[in-house]
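Asker: The structure is given below, and queries will be raised subsequently.
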Amino acid sequence: MASPEIILAAAEAGHIVTAAAGTHVGTHGATHHEAPGLLDIIRNNLPALQVLVPLTLAPLITLLNNRNLSWLLAMVGTSVSLLIAVVLTTQVLDGSVISYALGNWAPPLGIELRVDAANALVLLIVAAIGTCAAIYARPSVDKELGMTEQPLFYTAFLLCFSGLLGVTITGDAFNLFVFLEISSLSTYALVAMGAKQDRRALNAAYNYLILGTVGATFYVIGLGLAYMMTGTLNMADLAQRLPDLMGSGTLWVAFGFITIGLATKLAMFPLHFWLPNAYTYAPSVVTGFLAATATKVAVYALIRFIFTVFGADFAVEAQLFGKVLLPLGLIGIIAGSLVAIWQVNAKRILAFSSVAQIGYMLVGLGLMSLTGLTATMLHMFNHALMKGALFFALGAVMWKLGGVTLDKMRGAGKLMPWTMAAFVGGGLSLVGVPTTVGFISKWYLLNAAFEREWYWLIAILLITSLMAAVYMWRVFEVAYLRPAPEGVQKGEAPLLLLIPTWALVLANFWFGLNATTTVNLAETAARGLLGLTGGAN
Amino acid sequence: MISMSFDLAIALSLIIPVVGTILIGMSGDRPNQRETVTLLTAISLFAVTLWLLPQVAAGARPEVSFFEVLPGMPLKFVIEPLGMLFATIASGLWIVNSIYAIGYMRNTGEVNHTRFFMCFPISIGAALGMAYAGNLFTLFIFYEVLTLSTYPLVAHRETEEAKKGARIYLGVLLTTSIGLLLPAIIATYMLTGTTDFTAGGILADHVSPTTATILLALFMFGIGKAALMPFHKWLPSAMVAPTPVSSVLHAVAVVKAGVFSVLKIGIYIFGIDYLADADLTFWLQAVSAFTLVTASIIALTKDNLKARLAYSTISQLAYVVFGLSLATAAGFMGGSLQIAMHAVGKITLFYFAGAIYVAHHKTEVSQLNGLGRKMPLSFIAYTIGALSIIGLPPFGGAWPKFVLMEGAVDAGQPLLIAVLIISSLLNIAYLLPITVRGFFLKPDGEDTPAPFSWDGVKEAPFMVLAPLCFTAFLCFVMFFAVDAVEGLIAPILN
């Protein structure tokens, strides 16, 4: 057993503190003070366990090939990850950084896992939504997938889950590519599993595969160029060496390739074409999970490259903010919202809304300020909560009514009051009604726009909020003010669908009324990314 | 006996409606339970308000911050006289209205009673949240809760017409609040670093007159609930709702929440002195005077009684905005009085509209010929309410008109008195014909008015009639209670 070290690096001074290194593995060490106990070992290896637990459980599921056990293992994998993510988050709340050398090979040669406030936030999102999705999966998958497919589904799900966590936690740029591919490949499989419900899922998965692979390839080409120039793949190391190469044409090209590659993954307009169909035709639980996590992780990766690896100055020089992120983000917001208004399938409404919501995150970046970046980080978290709640609620509707076109959803409010109440809760959050997280995001974006005195941006943000009200209200009206079709019995979705859905809905209101925690975390993250000293306040 | 504290009283004002909503939701198909809970909720809420009222009148300013929603942005409540006045009116009339709603809903064959009764406590709770709000941020939160919780009530009948009306209702109120009010609040926060309601205002030293004018416009139009033209369409649209909704929400809680916010922002964010010194309100005088007269003229053309009353409300709300735009103490006092007096008068008129619908299924003014002989009590009560709205003594509505005229003189704008007089004349022209038709015209298809006989009387059921007569009586009481209201408000004008 390796005995790695945990190094706490204080962000401001960059000095490295070696904390409680578990050098010896005690057999029954709990009673002996000098030998580290099992708990210490676990505590010291949390960053690795974050990814390794779900990653090792994934193949186990296939080997066991048992429907009940697979669900149980998926539950274990996700909830343990959530626990770890919570512990890690509490450790970096003050702005400190955890650096973990995998296999005790010191970075930059070895692979480094690195946790700061920025990715702790994303880890928390992925782990929390993953846990909800795992609970949710059982009844939903029973309904939508064949029995024999189920162990494979849970395997792919856990792989995707650990891949996303890996992308988030790694401090190594090539390792990021590996995890990105793990998550992407399993995502293609997951989307394709919607084929039992609708054959168009195959087409959607194929399109996603093509675009996703192009994106990943672009990323790895860009990374290859950077490696060629610097001879390192460690992000922190890259960050130190790249400034010397400013002005090099190769570096511009590398930056371009990496940005476009990640932009495809995060569905930045106009590279979003894979998203609506993938979300629409994937199994319900997959849609909920992906919508809440996958794009956020890609946004995080982009932020990490812009601010940590290349540095904000380089990105400013490349006119990335003003000429790329801001305008494309705005077009994404407007176009996504407009198209969402005209959809007749509730899943597609939400999918195009996601394109718009990603636009908000990009605009937050484009504002080039601490408040703007805080808004982006905040909206990643908040949007995960709202879209998770909404897609899960739709999955429950799917479970009972067999479809989520507006026609099928007639009278759903009376047929399944709890499910639709959850949907309304999530929808209000998406619109940005006060007391919900959506409002908190809007508040910070608007504040950032005010700081810049970009009044036109304020107008666009407000108008598109109202457009969100329009497309959500179309669903509400159909569900509540149209009579249900003849012959459909009143009845709720199973509790295993309702509990995770409502957990997310309540989180929307909890963090909407008590946003201090998330705001502080987001601000600490933003400060860390911008290299400003100290935590929030 | 647990001793009551201010914190507890404020918390109860918000918790009681939520508990009421949940209990009503749990009563399902048991109407007696549902109605008992409704009444108990209304009564206990009013009891809490009445516990607070004398202490605030005596000068107490209860203050509580529950928690910080955002860093530096607490959910904060401060009870001051203006909010106390609004809270007393809203929670007091809600009891009367609960009785009326029970009578109305039982006798008109409306469906979905549980949803209907569930939305009321939340709406009133939101109104109280606005009344007690200690900063703009809290005010805005409850403003939106009020909009959303009244939407199901407007759409209640689920017909195409109801859906369309509800869409306009929500569309206008959300557009103005998100599009204008929210940026105004954020701008205020960015410019001054606070959104607390502070005596004397917070803007004076932080902004140029131009910025202040823009902000004032954003606030005044952003508070769509005040129905200032051109953002008034939602109010007539809301009339598709069953009458108990129109009466307590669209004559009292929602619209008064709007004009209350106008006054509150005027005095605690801008400050009367700043409004006057920087001469920020000349355009607001014009806009409110225009709304005041135009809405009255439109009301003349409406044959549907509730539509006529809706436009009358738009006009009467403009009196309050007009009061603020005078930027004098008397103007502000007139606006505050109008909030109280108009609430009592207009709820009477809506109760009348509901009564004729329940008893005889009449909705249009032209159908009322001779009906007064069948419903004498209702028509008398209506006439009292109408006279109060017009502004004739000895009814409460006389005072705000009088004090507003005083305010116009103080503001050095005696010409504006003409506007008030014209409007009163218009009020007579669209309100009193109903009395005349009821008592003096012959019913359609008959040659002479039927001679009055007690056998021919067919009034609305007791639960509908009693609230109508009670609020008419209240119009009379308010004429003499004006000192109490003035005494409550006066301290904030010093």
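The chains in the structure tokens are called A, B, ... from first to last as shown; in each chain the residues are counted from 1, and the ligands are counted from 1 in the order shown.
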From a DSSP calculation on the backbone, collect every residue of region 322-491 of chain B in alpha helix (DSSP H) and output the set as a PyMOL selection string.

Answerer: chain B and resi 322-325+329-360+376-390+398-410+415-440+462-480+482-489

Asker: Give me the residues within 8 Å of Arg61 (chain B) as a list in words, counting only C-alpha atoms and dropping any in the same chain fewer than 6 places off.

Answerer: Val78, Ile79 and Glu80 of chain B

Asker: Save the residues we just selected, all heavy atoms, as an mmCIF file, in the first residue's frame?

Answerer:
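Saved result, again_22.cif, follows:
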```
data_model
loop_
_atom_site.group_PDB
_atom_site.id
_atom_site.type_symbol
_atom_site.label_atom_id
_atom_site.label_comp_id
_atom_site.auth_asym_id
_atom_site.auth_seq_id
_atom_site.Cartn_x
_atom_site.Cartn_y
_atom_site.Cartn_z
ATOM 1 N N VAL B 78 -39.406 45.473 9.547
ATOM 2 C CA VAL B 78 -39.550 46.582 10.487
ATOM 3 C C VAL B 78 -40.993 47.047 10.361
ATOM 4 O O VAL B 78 -41.447 47.336 9.262
ATOM 5 C CB VAL B 78 -38.610 47.755 10.139
ATOM 6 C CG1 VAL B 78 -38.797 48.873 11.139
ATOM 7 C CG2 VAL B 78 -37.173 47.299 10.082
ATOM 8 N N ILE B 79 -41.704 47.087 11.459
ATOM 9 C CA ILE B 79 -43.090 47.537 11.360
ATOM 10 C C ILE B 79 -43.148 49.031 11.637
ATOM 11 O O ILE B 79 -42.733 49.485 12.696
ATOM 12 C CB ILE B 79 -43.998 46.790 12.349
ATOM 13 C CG1 ILE B 79 -43.803 45.285 12.166
ATOM 14 C CG2 ILE B 79 -45.450 47.163 12.117
ATOM 15 C CD1 ILE B 79 -44.765 44.451 12.965
ATOM 16 N N GLU B 80 -43.619 49.769 10.641
ATOM 17 C CA GLU B 80 -43.805 51.209 10.819
ATOM 18 C C GLU B 80 -45.263 51.518 10.492
ATOM 19 O O GLU B 80 -45.976 50.645 10.007
ATOM 20 C CB GLU B 80 -42.785 51.991 9.977
ATOM 21 C CG GLU B 80 -42.605 51.524 8.544
ATOM 22 C CD GLU B 80 -43.786 51.815 7.701
ATOM 23 O OE1 GLU B 80 -44.153 52.999 7.642
ATOM 24 O OE2 GLU B 80 -44.352 50.878 7.113
#
```

Asker: Write out as a ChimeraX atom specification every residue belonging to chain A that has an atom at most 8 Å from any atom of chain B, counting only C-alpha atoms.

Answerer: /A:433-435,440,443,446-447,450-451,458-459,462-463,466,477,481-482,512-516,519

Asker: Considering only C-alpha atoms, return as number ranges by chain whatever protein or nucleic-acid residues lie within 10 Å of region 182-191 of chain A, sequence-local ones (same chain, fewer than 4 positions apart) excluded.

Answerer: A: 152-167, 176-178, 195, 201-210, 212-213, 216, 265, 277-287, 290, 294

Asker: Applying 8 Å and only C-alpha atoms, which residues near region 111-116 of chain A remain after dropping the ones on its own chain fewer than 2 positions away? List them as a CSV table (one decimal) with C-alpha atoms, in the first residue's frame.

Answerer:
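Contents of result-v8.csv, freshly written:
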```csv
chain,number,residue,atom,x,y,z
A,47,PRO,CA,-9.0,12.9,-3.0
A,48,ALA,CA,-8.1,9.5,-4.5
A,88,LEU,CA,-13.3,18.0,1.0
A,92,VAL,CA,-11.1,24.2,1.3
A,95,GLY,CA,-9.4,29.3,0.4
A,96,SER,CA,-6.8,26.6,1.0
A,97,VAL,CA,-5.7,24.0,-1.6
A,98,ILE,CA,-5.3,20.3,-1.1
A,99,SER,CA,-2.7,18.7,-3.3
A,100,TYR,CA,-2.5,14.9,-3.5
A,101,ALA,CA,0.1,13.0,-5.2
A,102,LEU,CA,-1.3,9.8,-6.7
A,105,TRP,CA,4.7,10.1,-7.2
A,106,ALA,CA,5.4,13.7,-6.7
A,107,PRO,CA,4.0,16.2,-9.2
A,108,PRO,CA,4.8,17.4,-11.8
A,109,LEU,CA,5.9,13.9,-12.9
A,118,ALA,CA,-13.6,26.0,-7.4
A,119,ASN,CA,-13.6,22.3,-8.1
A,120,ALA,CA,-14.9,21.4,-4.6
A,169,ILE,CA,-10.5,16.7,-9.3
A,170,THR,CA,-7.4,16.1,-11.4
A,171,GLY,CA,-4.6,18.6,-11.6
A,172,ASP,CA,-3.1,16.9,-14.6
A,175,ASN,CA,-5.4,12.8,-16.9
A,234,ASN,CA,0.7,19.1,-14.9
A,525,ALA,CA,-13.6,29.9,-5.8
A,528,GLY,CA,-8.8,31.5,-6.0
```

Asker: Excluding region 396-410 of chain A and its own-chain neighbours fewer than 3 positions away, which residues fall within 6 Å of it when counting only C-alpha atoms? Please give them as a count of residues only.

Answerer: 9
